[in-house]
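Colleague: Contents of entry_38.cif (mmCIF, C-alpha atoms and all ligand atoms):
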data_upload
#
loop_
_atom_site.group_PDB
_atom_site.id
_atom_site.type_symbol
_atom_site.label_atom_id
_atom_site.label_comp_id
_atom_site.auth_asym_id
_atom_site.auth_seq_id
_atom_site.Cartn_x
_atom_site.Cartn_y
_atom_site.Cartn_z
ATOM 1 C CA MET A 1 -2.939 -17.194 -25.043
ATOM 2 C CA ASN A 2 0.525 -16.662 -23.701
ATOM 3 C CA ASN A 3 2.035 -20.055 -23.207
ATOM 4 C CA SER A 4 5.629 -18.956 -23.417
ATOM 5 C CA ASN A 5 8.560 -20.163 -21.365
ATOM 6 C CA ASN A 6 8.447 -16.811 -19.592
ATOM 7 C CA ILE A 7 5.409 -17.886 -17.688
ATOM 8 C CA LEU A 8 6.855 -21.249 -16.799
ATOM 9 C CA VAL A 9 10.110 -19.689 -15.567
ATOM 10 C CA ASN A 10 8.168 -17.063 -13.662
ATOM 11 C CA ASP A 11 6.015 -19.754 -12.118
ATOM 12 C CA GLN A 12 8.972 -21.845 -11.031
ATOM 13 C CA ASN A 13 10.576 -18.823 -9.393
ATOM 14 C CA ASN A 14 7.344 -17.794 -7.759
ATOM 15 C CA VAL A 15 6.158 -21.140 -6.640
ATOM 16 C CA LEU A 16 8.378 -21.250 -3.541
ATOM 17 C CA ASN A 17 6.852 -18.023 -2.290
ATOM 18 C CA GLN A 18 3.237 -18.978 -2.784
ATOM 19 C CA ASN A 19 1.166 -19.156 0.379
ATOM 20 C CA THR A 20 4.005 -17.812 2.518
ATOM 21 C CA VAL A 21 4.572 -14.493 4.288
ATOM 22 C CA GLU A 22 6.922 -13.505 1.448
ATOM 23 C CA ASN A 23 3.909 -13.589 -0.845
ATOM 24 C CA ILE A 24 2.342 -10.611 0.990
ATOM 25 C CA ASP A 25 3.031 -6.973 0.122
ATOM 26 C CA TRP A 26 4.364 -5.703 3.463
ATOM 27 C CA ASP A 27 6.127 -2.593 2.124
ATOM 28 C CA GLY A 28 4.091 -1.191 -0.776
ATOM 29 C CA THR A 29 1.202 1.266 -0.560
ATOM 30 C CA LEU A 30 -1.597 -0.266 1.481
ATOM 31 C CA TRP A 31 -4.259 -1.676 -0.867
ATOM 32 C CA ARG A 32 -7.028 0.620 0.344
ATOM 33 C CA ASP A 33 -4.880 3.727 -0.227
ATOM 34 C CA ARG A 34 -4.139 2.775 -3.818
ATOM 35 C CA VAL A 35 -5.597 4.792 -6.673
ATOM 36 C CA PHE A 36 -6.943 2.969 -9.726
ATOM 37 C CA SER A 37 -4.891 3.794 -12.819
ATOM 38 C CA HIS A 38 -7.780 3.587 -15.337
ATOM 39 C CA PRO A 39 -11.043 4.397 -13.520
ATOM 40 C CA GLU A 40 -12.663 5.260 -16.853
ATOM 41 C CA ARG A 41 -12.397 1.672 -18.080
ATOM 42 C CA THR A 42 -15.109 -0.957 -17.774
ATOM 43 C CA ILE A 43 -14.411 -4.189 -15.971
ATOM 44 C CA THR A 44 -16.185 -6.991 -17.798
ATOM 45 C CA ILE A 45 -16.892 -9.858 -15.463
ATOM 46 C CA GLY A 46 -18.115 -13.428 -15.724
ATOM 47 C CA THR A 47 -18.761 -15.743 -12.803
ATOM 48 C CA SER A 48 -19.735 -19.396 -12.363
ATOM 49 C CA CYS A 49 -20.913 -20.951 -9.101
ATOM 50 C CA SER A 50 -21.875 -17.302 -8.788
ATOM 51 C CA GLY A 51 -23.790 -17.496 -5.537
ATOM 52 C CA ILE A 52 -24.949 -14.033 -4.571
ATOM 53 C CA GLY A 53 -22.294 -12.334 -6.640
ATOM 54 C CA ALA A 54 -19.596 -11.261 -4.201
ATOM 55 C CA PRO A 55 -17.150 -10.464 -7.060
ATOM 56 C CA GLU A 56 -19.768 -8.284 -8.786
ATOM 57 C CA GLN A 57 -20.685 -6.666 -5.454
ATOM 58 C CA ALA A 58 -17.036 -5.783 -4.773
ATOM 59 C CA LEU A 59 -16.740 -3.960 -8.126
ATOM 60 C CA ARG A 60 -19.944 -2.078 -7.367
ATOM 61 C CA GLN A 61 -18.793 -1.068 -3.888
ATOM 62 C CA LEU A 62 -15.525 0.238 -5.315
ATOM 63 C CA GLY A 63 -17.538 2.444 -7.677
ATOM 64 C CA LEU A 64 -15.929 0.912 -10.783
ATOM 65 C CA ASN A 65 -17.608 0.729 -14.171
ATOM 66 C CA SER A 66 -18.525 -2.897 -14.618
ATOM 67 C CA LYS A 67 -20.540 -5.076 -16.952
ATOM 68 C CA ILE A 68 -21.645 -8.613 -16.274
ATOM 69 C CA LEU A 69 -21.145 -10.786 -19.362
ATOM 70 C CA PHE A 70 -22.265 -14.044 -17.789
ATOM 71 C CA ALA A 71 -23.088 -15.651 -14.457
ATOM 72 C CA GLY A 72 -24.519 -18.965 -13.360
ATOM 73 C CA ASP A 73 -25.384 -21.264 -10.516
ATOM 74 C CA ILE A 74 -27.093 -24.618 -10.356
ATOM 75 C CA ASP A 75 -29.316 -23.603 -7.424
ATOM 76 C CA PRO A 76 -32.611 -21.941 -8.526
ATOM 77 C CA ASN A 77 -32.833 -20.011 -5.250
ATOM 78 C CA VAL A 78 -29.416 -18.535 -5.884
ATOM 79 C CA LYS A 79 -30.655 -17.481 -9.313
ATOM 80 C CA LYS A 80 -33.584 -15.681 -7.656
ATOM 81 C CA SER A 81 -31.230 -13.704 -5.427
ATOM 82 C CA TYR A 82 -28.825 -12.975 -8.255
ATOM 83 C CA PHE A 83 -31.523 -11.684 -10.625
ATOM 84 C CA ALA A 84 -32.946 -9.456 -7.880
ATOM 85 C CA ASN A 85 -29.597 -7.760 -7.433
ATOM 86 C CA TYR A 86 -27.700 -7.608 -10.724
ATOM 87 C CA ASP A 87 -28.201 -6.499 -14.281
ATOM 88 C CA ILE A 88 -28.459 -9.827 -16.089
ATOM 89 C CA THR A 89 -30.659 -11.514 -18.689
ATOM 90 C CA GLU A 90 -31.731 -15.153 -19.039
ATOM 91 C CA GLU A 91 -29.401 -15.495 -22.041
ATOM 92 C CA GLN A 92 -26.433 -14.470 -19.907
ATOM 93 C CA TRP A 93 -27.250 -17.019 -17.205
ATOM 94 C CA HIS A 94 -26.137 -20.663 -17.072
ATOM 95 C CA ASN A 95 -27.194 -23.274 -14.560
ATOM 96 C CA ASP A 96 -24.624 -26.055 -14.640
ATOM 97 C CA MET A 97 -21.071 -24.866 -15.207
ATOM 98 C CA PHE A 98 -20.213 -28.255 -16.727
ATOM 99 C CA LYS A 99 -22.596 -27.467 -19.580
ATOM 100 C CA PHE A 100 -21.697 -23.808 -19.999
ATOM 101 C CA ASP A 101 -20.021 -22.814 -23.271
ATOM 102 C CA ALA A 102 -17.819 -19.757 -22.679
ATOM 103 C CA THR A 103 -16.397 -19.534 -26.209
ATOM 104 C CA PRO A 104 -18.654 -16.582 -27.235
ATOM 105 C CA PHE A 105 -16.830 -14.507 -24.585
ATOM 106 C CA LYS A 106 -13.332 -15.199 -25.862
ATOM 107 C CA GLY A 107 -11.144 -12.123 -25.410
ATOM 108 C CA LYS A 108 -14.009 -10.041 -24.040
ATOM 109 C CA LEU A 109 -13.536 -10.623 -20.348
ATOM 110 C CA THR A 110 -11.490 -8.717 -17.782
ATOM 111 C CA LEU A 111 -12.242 -11.087 -14.972
ATOM 112 C CA PHE A 112 -13.570 -14.595 -14.434
ATOM 113 C CA VAL A 113 -14.276 -15.590 -10.828
ATOM 114 C CA SER A 114 -15.589 -18.815 -9.394
ATOM 115 C CA GLY A 115 -15.820 -19.998 -5.815
ATOM 116 C CA ILE A 116 -16.257 -23.590 -6.927
ATOM 117 C CA CYS A 117 -18.098 -25.895 -4.555
ATOM 118 C CA CYS A 118 -15.898 -26.518 -1.566
ATOM 119 C CA GLN A 119 -17.591 -29.145 0.640
ATOM 120 C CA THR A 120 -15.578 -31.851 -1.020
ATOM 121 C CA PHE A 121 -12.329 -30.238 0.163
ATOM 122 C CA SER A 122 -13.552 -29.004 3.536
ATOM 123 C CA LYS A 123 -12.904 -30.982 6.686
ATOM 124 C CA ALA A 124 -16.655 -30.931 7.354
ATOM 125 C CA GLY A 125 -17.435 -32.358 3.937
ATOM 126 C CA GLY A 126 -15.884 -35.796 4.096
ATOM 127 C CA LEU A 127 -12.733 -34.928 2.142
ATOM 128 C CA ALA A 128 -13.475 -36.869 -1.013
ATOM 129 C CA GLY A 129 -11.506 -34.141 -2.771
ATOM 130 C CA VAL A 130 -10.958 -34.481 -6.526
ATOM 131 C CA LYS A 131 -12.187 -38.078 -6.250
ATOM 132 C CA ASP A 132 -15.698 -36.666 -5.706
ATOM 133 C CA LYS A 133 -16.766 -37.189 -9.300
ATOM 134 C CA LYS A 134 -19.336 -34.385 -9.269
ATOM 135 C CA ARG A 135 -18.191 -31.598 -6.971
ATOM 136 C CA GLY A 136 -14.491 -32.429 -6.893
ATOM 137 C CA CYS A 137 -14.277 -32.134 -10.641
ATOM 138 C CA LEU A 138 -15.633 -28.594 -10.815
ATOM 139 C CA TYR A 139 -12.045 -27.420 -11.172
ATOM 140 C CA THR A 140 -11.979 -29.113 -14.601
ATOM 141 C CA ALA A 141 -15.031 -27.071 -15.639
ATOM 142 C CA PHE A 142 -13.297 -23.973 -14.246
ATOM 143 C CA SER A 143 -10.182 -24.621 -16.281
ATOM 144 C CA ARG A 144 -12.162 -25.338 -19.457
ATOM 145 C CA ILE A 145 -14.091 -22.077 -19.080
ATOM 146 C CA VAL A 146 -10.812 -20.141 -18.692
ATOM 147 C CA ARG A 147 -9.432 -21.880 -21.770
ATOM 148 C CA GLU A 148 -12.551 -20.952 -23.732
ATOM 149 C CA CYS A 149 -12.917 -17.293 -22.777
ATOM 150 C CA GLU A 150 -9.304 -16.350 -21.981
ATOM 151 C CA PRO A 151 -9.981 -13.668 -19.356
ATOM 152 C CA GLU A 152 -7.259 -11.162 -18.498
ATOM 153 C CA VAL A 153 -7.431 -12.296 -14.876
ATOM 154 C CA TRP A 154 -9.162 -15.173 -13.123
ATOM 155 C CA ILE A 155 -9.737 -15.888 -9.460
ATOM 156 C CA MET A 156 -10.595 -19.281 -7.975
ATOM 157 C CA GLU A 157 -11.703 -19.208 -4.352
ATOM 158 C CA ASN A 158 -11.942 -22.218 -2.077
ATOM 159 C CA VAL A 159 -11.459 -23.455 1.476
ATOM 160 C CA GLU A 160 -7.848 -23.435 2.625
ATOM 161 C CA ASN A 161 -7.982 -27.201 2.943
ATOM 162 C CA MET A 162 -7.959 -27.475 -0.846
ATOM 163 C CA LEU A 163 -4.185 -27.249 -0.389
ATOM 164 C CA ASN A 164 -4.103 -30.151 2.059
ATOM 165 C CA SER A 165 -6.931 -32.571 1.319
ATOM 166 C CA ASN A 166 -5.808 -36.117 0.580
ATOM 167 C CA LYS A 167 -2.342 -35.232 1.871
ATOM 168 C CA GLY A 168 -1.902 -32.486 -0.702
ATOM 169 C CA SER A 169 -2.408 -34.768 -3.691
ATOM 170 C CA ASP A 170 -5.672 -32.987 -4.664
ATOM 171 C CA TRP A 171 -3.931 -29.630 -4.894
ATOM 172 C CA LYS A 172 -1.122 -31.168 -6.930
ATOM 173 C CA ILE A 173 -3.677 -32.444 -9.452
ATOM 174 C CA ILE A 174 -5.597 -29.160 -9.516
ATOM 175 C CA LYS A 175 -2.442 -27.063 -9.842
ATOM 176 C CA GLU A 176 -1.169 -29.238 -12.678
ATOM 177 C CA GLU A 177 -4.455 -28.698 -14.502
ATOM 178 C CA LEU A 178 -4.362 -24.924 -13.900
ATOM 179 C CA ASP A 179 -0.743 -24.790 -15.086
ATOM 180 C CA THR A 180 -1.822 -26.085 -18.488
ATOM 181 C CA LEU A 181 -3.723 -22.798 -18.984
ATOM 182 C CA GLY A 182 -0.464 -20.882 -19.471
ATOM 183 C CA TYR A 183 -1.392 -18.207 -16.937
ATOM 184 C CA ASP A 184 0.919 -16.736 -14.326
ATOM 185 C CA ILE A 185 -0.539 -18.324 -11.193
ATOM 186 C CA HIS A 186 -0.355 -17.033 -7.630
ATOM 187 C CA TYR A 187 -2.063 -18.395 -4.524
ATOM 188 C CA GLN A 188 -2.453 -17.464 -0.900
ATOM 189 C CA VAL A 189 -4.745 -18.171 2.028
ATOM 190 C CA LEU A 190 -6.250 -14.906 3.288
ATOM 191 C CA ASN A 191 -8.374 -14.458 6.380
ATOM 192 C CA ALA A 192 -11.372 -12.143 5.887
ATOM 193 C CA LYS A 193 -10.954 -10.755 9.411
ATOM 194 C CA SER A 194 -7.781 -8.995 8.244
ATOM 195 C CA TYR A 195 -9.552 -7.163 5.411
ATOM 196 C CA GLY A 196 -12.453 -5.514 7.180
ATOM 197 C CA VAL A 197 -14.857 -8.295 8.116
ATOM 198 C CA PRO A 198 -15.725 -9.076 11.757
ATOM 199 C CA GLN A 199 -15.333 -12.841 11.355
ATOM 200 C CA SER A 200 -12.475 -15.268 10.986
ATOM 201 C CA ARG A 201 -12.823 -16.872 7.561
ATOM 202 C CA ALA A 202 -9.700 -18.263 5.957
ATOM 203 C CA ARG A 203 -9.979 -18.971 2.248
ATOM 204 C CA LEU A 204 -7.616 -19.851 -0.560
ATOM 205 C CA PHE A 205 -7.415 -17.270 -3.355
ATOM 206 C CA VAL A 206 -5.786 -18.581 -6.515
ATOM 207 C CA ILE A 207 -5.217 -15.878 -9.117
ATOM 208 C CA GLY A 208 -4.190 -16.295 -12.742
ATOM 209 C CA PHE A 209 -2.853 -13.428 -14.847
ATOM 210 C CA LYS A 210 -2.798 -13.823 -18.599
ATOM 211 C CA ARG A 211 0.659 -12.279 -18.737
ATOM 212 C CA PRO A 212 3.577 -12.612 -16.302
ATOM 213 C CA THR A 213 2.770 -10.255 -13.424
ATOM 214 C CA GLU A 214 4.653 -9.253 -10.332
ATOM 215 C CA PHE A 215 1.954 -9.596 -7.745
ATOM 216 C CA LEU A 216 1.994 -9.739 -3.978
ATOM 217 C CA TYR A 217 -1.161 -10.279 -1.950
ATOM 218 C CA PRO A 218 -2.727 -7.382 0.010
ATOM 219 C CA ARG A 219 -1.352 -7.135 3.502
ATOM 220 C CA PRO A 220 -3.616 -7.738 6.479
ATOM 221 C CA ILE A 221 -4.876 -4.810 8.530
ATOM 222 C CA LYS A 222 -5.829 -4.713 12.176
ATOM 223 C CA GLN A 223 -9.356 -5.970 12.776
ATOM 224 C CA GLU A 224 -11.458 -2.810 12.841
ATOM 225 C CA LYS A 225 -14.996 -4.156 13.039
ATOM 226 C CA VAL A 226 -16.447 -6.350 15.730
ATOM 227 C CA ILE A 227 -19.643 -8.343 15.591
ATOM 228 C CA CYS A 228 -21.622 -5.581 17.414
ATOM 229 C CA ASP A 229 -20.940 -3.285 14.442
ATOM 230 C CA ILE A 230 -23.109 -5.392 12.156
ATOM 231 C CA LEU A 231 -26.052 -6.021 14.478
ATOM 232 C CA GLU A 232 -29.395 -4.412 13.664
ATOM 233 C CA ASP A 233 -29.971 -3.595 17.323
ATOM 234 C CA THR A 234 -27.981 -3.299 20.520
ATOM 235 C CA GLU A 235 -29.502 -6.460 21.955
ATOM 236 C CA GLN A 236 -27.329 -8.153 24.545
ATOM 237 C CA GLY A 237 -27.027 -11.904 24.929
ATOM 238 C CA LEU A 238 -27.023 -14.764 22.472
ATOM 239 C CA ARG A 239 -29.346 -14.907 19.500
ATOM 240 C CA GLN A 240 -29.157 -16.051 15.891
ATOM 241 C CA LEU A 241 -28.051 -13.444 13.345
ATOM 242 C CA THR A 242 -30.778 -12.082 11.094
ATOM 243 C CA PRO A 243 -30.359 -12.653 7.327
ATOM 244 C CA ARG A 244 -29.412 -8.971 6.947
ATOM 245 C CA GLU A 245 -26.732 -9.326 9.598
ATOM 246 C CA ALA A 246 -25.433 -12.521 7.963
ATOM 247 C CA LEU A 247 -25.058 -10.558 4.725
ATOM 248 C CA ARG A 248 -23.317 -7.690 6.504
ATOM 249 C CA LEU A 249 -20.941 -10.224 8.009
ATOM 250 C CA GLN A 250 -19.782 -11.016 4.465
ATOM 251 C CA GLY A 251 -19.501 -7.350 3.530
ATOM 252 C CA PHE A 252 -22.739 -6.951 1.568
ATOM 253 C CA GLY A 253 -24.243 -3.466 1.653
ATOM 254 C CA GLU A 254 -27.721 -2.435 2.770
ATOM 255 C CA ASP A 255 -28.781 -2.153 -0.879
ATOM 256 C CA PHE A 256 -28.520 -5.931 -1.345
ATOM 257 C CA LYS A 257 -32.078 -7.205 -1.800
ATOM 258 C CA ILE A 258 -33.129 -10.329 0.056
ATOM 259 C CA ALA A 259 -35.368 -12.159 -2.415
ATOM 260 C CA VAL A 260 -35.568 -15.616 -0.833
ATOM 261 C CA SER A 261 -36.741 -17.165 2.436
ATOM 262 C CA ASP A 262 -34.602 -16.764 5.560
ATOM 263 C CA THR A 263 -33.362 -20.351 5.257
ATOM 264 C CA TYR A 264 -31.966 -19.743 1.763
ATOM 265 C CA ALA A 265 -30.715 -16.279 2.641
ATOM 266 C CA TYR A 266 -28.598 -17.707 5.483
ATOM 267 C CA LYS A 267 -27.250 -20.454 3.251
ATOM 268 C CA GLN A 268 -26.372 -18.042 0.442
ATOM 269 C CA ALA A 269 -24.728 -15.527 2.763
ATOM 270 C CA GLY A 270 -22.761 -18.333 4.410
ATOM 271 C CA ASN A 271 -21.547 -19.675 1.056
ATOM 272 C CA SER A 272 -20.441 -16.301 -0.224
ATOM 273 C CA ILE A 273 -16.928 -15.010 -0.718
ATOM 274 C CA ALA A 274 -16.300 -12.136 1.723
ATOM 275 C CA VAL A 275 -16.733 -8.991 -0.382
ATOM 276 C CA PRO A 276 -14.001 -6.927 1.362
ATOM 277 C CA VAL A 277 -11.328 -9.519 0.514
ATOM 278 C CA LEU A 278 -12.211 -9.224 -3.168
ATOM 279 C CA LYS A 279 -12.103 -5.427 -2.909
ATOM 280 C CA ALA A 280 -8.627 -5.656 -1.393
ATOM 281 C CA LEU A 281 -7.501 -7.956 -4.230
ATOM 282 C CA TYR A 282 -8.941 -5.672 -6.926
ATOM 283 C CA GLN A 283 -7.218 -2.660 -5.358
ATOM 284 C CA GLN A 284 -3.958 -4.491 -4.872
ATOM 285 C CA MET A 285 -3.770 -5.694 -8.490
ATOM 286 C CA ASP A 286 -5.305 -2.467 -9.882
ATOM 287 C CA ILE A 287 -8.058 -4.332 -11.690
ATOM 288 C CA THR A 288 -8.691 -1.294 -13.938
ATOM 289 C CA LYS A 289 -5.404 -2.065 -15.755
ATOM 290 C CA TYR A 290 -7.226 -5.032 -17.246
ATOM 291 C CA GLY A 291 -10.450 -3.192 -18.091
ATOM 292 C CA PHE A 292 -11.749 -2.273 -21.538
HETATM 293 C C1 LIG B 1 -19.395 -22.377 -2.058
HETATM 294 S S1 LIG B 1 -20.696 -21.732 -3.018
HETATM 295 C C2 LIG B 1 -19.897 -20.288 -3.702
HETATM 296 C C3 LIG B 1 -20.804 -19.137 -3.888
HETATM 297 C C4 LIG B 1 -20.208 -17.892 -4.522
HETATM 298 N N1 LIG B 1 -18.825 -18.001 -4.826
HETATM 299 C C5 LIG B 1 -20.489 -16.639 -3.714
HETATM 300 O O1 LIG B 1 -19.595 -15.838 -3.507
HETATM 301 O O2 LIG B 1 -21.615 -16.424 -3.272
HETATM 302 C C6 LIG B 1 -20.759 -22.805 -4.372
HETATM 303 C C7 LIG B 1 -21.880 -22.510 -5.326
HETATM 304 O O3 LIG B 1 -21.707 -23.370 -6.443
HETATM 305 C C8 LIG B 1 -22.987 -23.769 -6.915
HETATM 306 N N2 LIG B 1 -22.788 -24.958 -7.758
HETATM 307 C C9 LIG B 1 -22.515 -26.223 -7.362
HETATM 308 N N3 LIG B 1 -22.359 -27.032 -8.430
HETATM 309 C C10 LIG B 1 -22.534 -26.253 -9.519
HETATM 310 C C11 LIG B 1 -22.495 -26.499 -10.923
HETATM 311 N N4 LIG B 1 -22.246 -27.727 -11.419
HETATM 312 N N5 LIG B 1 -22.697 -25.475 -11.771
HETATM 313 C C12 LIG B 1 -22.970 -24.230 -11.297
HETATM 314 N N6 LIG B 1 -23.039 -23.941 -9.973
HETATM 315 C C13 LIG B 1 -22.816 -24.936 -9.104
HETATM 316 C C14 LIG B 1 -23.782 -23.961 -5.650
HETATM 317 O O4 LIG B 1 -25.172 -23.887 -5.889
HETATM 318 C C15 LIG B 1 -23.264 -22.800 -4.774
HETATM 319 O O5 LIG B 1 -24.054 -21.638 -4.903
#
Show me the file's structure as structure tokens.
Ligand SMILES: C[S@@+](CC[C@H](N)C(=O)[O-])C[C@H]1O[C@@H](n2cnc3c(N)ncnc32)[C@H](O)[C@@H]1O

Modeller:
Amino acid sequence: MNNSNNILVNDQNNVLNQNTVENIDWDGTLWRDRVFSHPERTITIGTSCSGIGAPEQALRQLGLNSKILFAGDIDPNVKKSYFANYDITEEQWHNDMFKFDATPFKGKLTLFVSGICCQTFSKAGGLAGVKDKKRGCLYTAFSRIVRECEPEVWIMENVENMLNSNKGSDWKIIKEELDTLGYDIHYQVLNAKSYGVPQSRARLFVIGFKRPTEFLYPRPIKQEKVICDILEDTEQGLRQLTPREALRLQGFGEDFKIAVSDTYAYKQAGNSIAVPVLKALYQQMDITKYGF
């Protein structure tokens, strides 16, 4: 793995721009107008805390060749949904990311993505942060998995408050751990409403590139969709969204199979990363450059 001074210098220069307007690509070709440089390549992907597979879904929606090498989630109902929708075997699945050994995948992975549990950093979740011995420490499992499989690119998604919980000391600890990986690290809070989703959903996207990479985050676009665009009917007045609508709200297509009860479907849709934001990131970084 590249652990050279280059990366450290690059990081120090970059760090001032992270999570600022200067970290956004205001002048380059808009992400959705970009053409992939190597569409013939296969993106090999692994995910942990996989949920309903937003990162896999985004590759599919972009029409890219992709292969899932591993995925996992501790919730058996999530597993049900995942198996109903993606090409995966029992051997490729792990339950607890703390117990997952990623060494067999060393050097084989384009992309590792994990939206590690976020309640511990969210204002609604009590803010135990990294002190939450179980959920707060998932970042250590994340970093170990990266160290073991050395993906070309990794993405860690979380609530924006990961930057601020416990007066910023949690992020300092997490960032210090991620820095030990020797990757070129970028981070920015993006709001899903600016990437094609009719809901305001601000999330932190931390990205690590194996080699020093000039990267600016995809610029926001005007909100094009409104909530009426995702409703199954033209019903007026207040009502709860259907599970299908909740999935649409996160950018999942009609082909996504609902394999669990409504209660679990709502929970899984609500936990998911917004698919269009991932598509924008893949287009912006030209994910095919890192394919095999
Ligand atoms: C905030 S959700 C993220 C879901 C996912 N990123 C998506 O896009 O759908 C966190 C997920 O982590 C799972 N999880 C929590 N602890 C875990 C662990 N130790 N190992 C694996 N998965 C875990 C939860 O079951 C939940 O599905």

Colleague: Mind telling me what the PyMOL selection byres (((not hetatm)) within 6 of (chain B and resi 1)) catches here, as a list in words?

Modeller: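 Matching residues under the PyMOL selection byres (((not hetatm)) within 6 of (chain B and resi 1)) are Ser48, Cys49, Ser50, Gly51, Ile52, Gly53, Ala54, Gly72, Asp73, Ile74, Asp75, Asn95, Asp96, Met97, Phe98, Ser114, Gly115, Ile116, Cys117, Cys118, Asn271, Ser272 and Ile273 of chain A.
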
Colleague: For Tyr82 in chain A, which residue among A:Glu56, A:Ser66, A:Pro220, A:Phe142 is the nearest when counting all atoms listed in the file?

Modeller: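 Of A:Glu56, A:Ser66, A:Pro220, A:Phe142, the one nearest Tyr82 in chain A is A:Glu56, counting all atoms listed in the file.
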
Colleague: Any chance you could resolve the PyMOL selection byres (((chain A and resi 60-63) around 10) and not hetatm) against this file and give the residues as a PyMOL selection string?

Modeller: chain A and resi 39+54-59+64-66+251-253+275-276+279-280+282-283

Colleague: Might you pull out every residue within 6 Å of Val206 in chain A, with all atoms listed in the file counted and same-chain residues fewer than 3 positions away left off, and present them as a PyMOL selection string?

Modeller: chain A and resi 155-156+186-187

Colleague: Check the smallest atom-to-atom distance from each of A:Val130, A:Cys149, A:Ile207, A:Leu231 to Ser169 in chain A using only C-alpha atoms, then report the winner.

Modeller: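 Answer, going by the shortest atom-to-atom distance: A:Val130.
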
Colleague: As an exercise, work out the distance from CA of Tyr86 in chain A to CA of Arg248 in chain A in Å and give it to one decimal place.

Modeller: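 Between CA of Tyr86 in chain A and CA of Arg248 in chain A the gap is 17.8 Å.
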
Colleague: Write out as a list in words each polymer residue whose atoms come within 9 Å of Arg34 in chain A, counting all atoms listed in the file; drop sequence neighbours fewer than 5 positions from it.

Modeller: Thr29, Gln283, Gln284 and Asp286 of chain A

Colleague: Please, could N, CA and C atoms be added to range 227-239 of chain A and the result written as an mmCIF file, keeping the file's coordinate frame?

Modeller:
data_model
loop_
_atom_site.group_PDB
_atom_site.id
_atom_site.type_symbol
_atom_site.label_atom_id
_atom_site.label_comp_id
_atom_site.auth_asym_id
_atom_site.auth_seq_id
_atom_site.Cartn_x
_atom_site.Cartn_y
_atom_site.Cartn_z
ATOM 1 N N ILE A 227 -18.319 -7.834 15.936
ATOM 2 C CA ILE A 227 -19.643 -8.343 15.591
ATOM 3 C C ILE A 227 -20.754 -7.325 15.919
ATOM 4 N N CYS A 228 -20.591 -6.567 17.023
ATOM 5 C CA CYS A 228 -21.622 -5.581 17.414
ATOM 6 C C CYS A 228 -21.853 -4.558 16.304
ATOM 7 N N ASP A 229 -20.816 -4.297 15.494
ATOM 8 C CA ASP A 229 -20.940 -3.285 14.442
ATOM 9 C C ASP A 229 -21.915 -3.685 13.340
ATOM 10 N N ILE A 230 -22.220 -4.983 13.249
ATOM 11 C CA ILE A 230 -23.109 -5.392 12.156
ATOM 12 C C ILE A 230 -24.509 -5.782 12.649
ATOM 13 N N LEU A 231 -24.734 -5.654 13.952
ATOM 14 C CA LEU A 231 -26.052 -6.021 14.478
ATOM 15 C C LEU A 231 -27.091 -4.934 14.188
ATOM 16 N N GLU A 232 -28.327 -5.372 13.971
ATOM 17 C CA GLU A 232 -29.395 -4.412 13.664
ATOM 18 C C GLU A 232 -29.880 -3.690 14.916
ATOM 19 N N ASP A 233 -29.552 -4.244 16.080
ATOM 20 C CA ASP A 233 -29.971 -3.595 17.323
ATOM 21 C C ASP A 233 -28.832 -3.725 18.334
ATOM 22 N N THR A 234 -29.050 -3.238 19.517
ATOM 23 C CA THR A 234 -27.981 -3.299 20.520
ATOM 24 C C THR A 234 -28.242 -4.432 21.518
ATOM 25 N N GLU A 235 -29.101 -5.348 21.083
ATOM 26 C CA GLU A 235 -29.502 -6.460 21.955
ATOM 27 C C GLU A 235 -28.310 -7.164 22.587
ATOM 28 N N GLN A 236 -28.376 -7.412 23.850
ATOM 29 C CA GLN A 236 -27.329 -8.153 24.545
ATOM 30 C C GLN A 236 -27.709 -9.633 24.549
ATOM 31 N N GLY A 237 -26.737 -10.479 24.789
ATOM 32 C CA GLY A 237 -27.027 -11.904 24.929
ATOM 33 C C GLY A 237 -27.013 -12.632 23.599
ATOM 34 N N LEU A 238 -27.150 -13.941 23.666
ATOM 35 C CA LEU A 238 -27.023 -14.764 22.472
ATOM 36 C C LEU A 238 -28.318 -14.808 21.671
ATOM 37 N N ARG A 239 -28.215 -14.676 20.394
ATOM 38 C CA ARG A 239 -29.346 -14.907 19.500
ATOM 39 C C ARG A 239 -28.775 -15.200 18.116
#
